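Below is one structure, written out as structure tokens; comments come after it.
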Amino acid sequence: ASAGGAASAGGAASAGGAASAGGAASAGGAASAGGAASAGGAASAGGAASAGGAASAGGAASADAGAGCTTDFDCATGQICEARVCVPGASCVASHECQSLDPQDRCSIEGRQCVCATACRVRKAPCDPCQTDAECGDDGVLFGPPTGLGAARCVALSSTAGAQKFCRYQRVGQCPCGTTDDGAGFCRPQSNSCAQVSCNIDSQCPSGRRCVNADAGVCQGQCLP
């Protein structure tokens, strides 16, 4: 069909036209019953929308170009963050249900471990912005020594009212590279800023960052995106 025209039963419509029963619409058109819409279009009944489009009735919509989740807590209730996209997570009632013995599992007890927040979510990393202790993993039995990386709490780096809070992990042995004991048994950045964190391994960095210029045993790396 031509500009503004309509196509039926699998046909294609151009320049703003509409396509029915699985057809595809271009340049802002709309597709029904599982069709796909491009460049800001909307897809219904399980369709997928790209570049900022929206999908309804169970469809998946990607974040705007260049955007995406960093932690599981950036996602809606019941979802987790995989490759910067929010997807359904494993449901749970309590955090002990989320712990895995599989070292390759995202909730492995050998890693950061997971907390239950309707879905099993990887708890936030040191220096991740937070709102509650639960996001950081404050259960000393599940996350503390001898097997865990340490329980954590959500606390501001300054005493200024309304200051941003960050996850601060419990000291287990010595505080990791670039941090020091805050006097309460938790490790805070020596710089007193989460904007610049020293490291020697990736796991010491906030979510979405990695340890660059690291040298094993030497605290000279920097956590960078």
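The way I read the labels, and the way they are meant: chains A, B, ... in the order of the structure tokens, residue 1 as the first residue of every chain, and ligand 1 as the first ligand shown, with later ones counted on from there.
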| query | Could you pull the residues within 7 Å of range 94-102 of chain A, counting only C-alpha atoms, minus those fewer than 3 positions along the same chain, as a list of chain:residue names? | reply |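 So the residues in contact are A:Asp105, A:Cys107, A:Ser108, A:Ile109, A:Gln113, A:Cys114, A:Val115, A:Cys116, A:Cys120.
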Any chance you could export the current selection's C-alpha atoms as a PDB file, in the first residue's frame?
ATOM      1  CA  ASP A 105      25.545 -19.270  39.376  1.00  0.00           C
ATOM      2  CA  CYS A 107      23.898 -16.250  43.369  1.00  0.00           C
ATOM      3  CA  SER A 108      26.891 -18.464  44.200  1.00  0.00           C
ATOM      4  CA  ILE A 109      27.983 -18.503  47.842  1.00  0.00           C
ATOM      5  CA  GLN A 113      25.549 -13.784  46.873  1.00  0.00           C
ATOM      6  CA  CYS A 114      21.903 -12.829  46.546  1.00  0.00           C
ATOM      7  CA  VAL A 115      19.177 -11.372  48.707  1.00  0.00           C
ATOM      8  CA  CYS A 116      15.466 -12.026  48.369  1.00  0.00           C
ATOM      9  CA  CYS A 120      16.594 -13.455  44.028  1.00  0.00           C
TER      10      CYS A 120
END
| Selection near range 157-170 of chain A, 7 Å with only C-alpha atoms, sequence-local residues under 6 positions removed, as a PyMOL selection string | chain A and resi 124-131+136+150-151+185-188+192
| request: Take CA of Val197 in chain A and CA of Cys175 in chain A and report the distance between them in Å, one decimal. | output: 13.1 Å
Within 10 Å of Ala195 in chain A, counting only C-alpha atoms, which residues qualify if same-chain residues fewer than 4 places away don't, as an mmCIF file with all heavy atoms, in the first residue's frame?
data_model
loop_
_atom_site.group_PDB
_atom_site.id
_atom_site.type_symbol
_atom_site.label_atom_id
_atom_site.label_comp_id
_atom_site.auth_asym_id
_atom_site.auth_seq_id
_atom_site.Cartn_x
_atom_site.Cartn_y
_atom_site.Cartn_z
ATOM 1 N N CYS A 127 30.203 0.427 47.746
ATOM 2 C CA CYS A 127 30.115 1.759 47.140
ATOM 3 C C CYS A 127 28.985 1.895 46.125
ATOM 4 O O CYS A 127 28.900 2.924 45.444
ATOM 5 C CB CYS A 127 31.445 2.190 46.519
ATOM 6 S SG CYS A 127 32.383 3.286 47.635
ATOM 7 N N PRO A 189 35.859 3.821 51.886
ATOM 8 C CA PRO A 189 36.962 4.259 51.012
ATOM 9 C C PRO A 189 37.926 5.179 51.752
ATOM 10 O O PRO A 189 37.504 6.074 52.482
ATOM 11 C CB PRO A 189 36.251 5.018 49.884
ATOM 12 C CG PRO A 189 34.844 4.539 49.915
ATOM 13 C CD PRO A 189 34.549 4.222 51.347
ATOM 14 N N SER A 191 39.613 7.427 50.466
ATOM 15 C CA SER A 191 39.419 8.756 49.891
ATOM 16 C C SER A 191 38.149 9.417 50.417
ATOM 17 O O SER A 191 37.911 10.600 50.160
ATOM 18 C CB SER A 191 39.317 8.652 48.366
ATOM 19 O OG SER A 191 38.173 7.890 47.995
ATOM 20 N N PRO A 206 32.440 -0.999 42.562
ATOM 21 C CA PRO A 206 30.987 -0.867 42.495
ATOM 22 C C PRO A 206 30.444 -1.540 41.231
ATOM 23 O O PRO A 206 31.183 -1.776 40.274
ATOM 24 C CB PRO A 206 30.773 0.651 42.449
ATOM 25 C CG PRO A 206 32.015 1.238 43.026
ATOM 26 C CD PRO A 206 33.107 0.311 42.623
ATOM 27 N N CYS A 223 38.780 1.734 39.883
ATOM 28 C CA CYS A 223 37.492 1.211 39.436
ATOM 29 C C CYS A 223 36.911 2.175 38.402
ATOM 30 O O CYS A 223 36.567 3.310 38.724
ATOM 31 C CB CYS A 223 36.538 1.068 40.609
ATOM 32 S SG CYS A 223 37.040 -0.190 41.814
ATOM 33 N N LEU A 224 36.828 1.713 37.163
ATOM 34 C CA LEU A 224 36.337 2.547 36.063
ATOM 35 C C LEU A 224 35.230 1.828 35.295
ATOM 36 O O LEU A 224 35.149 0.609 35.322
ATOM 37 C CB LEU A 224 37.495 2.885 35.111
ATOM 38 C CG LEU A 224 38.694 3.640 35.707
ATOM 39 C CD1 LEU A 224 39.798 3.771 34.681
ATOM 40 C CD2 LEU A 224 38.263 5.008 36.223
#
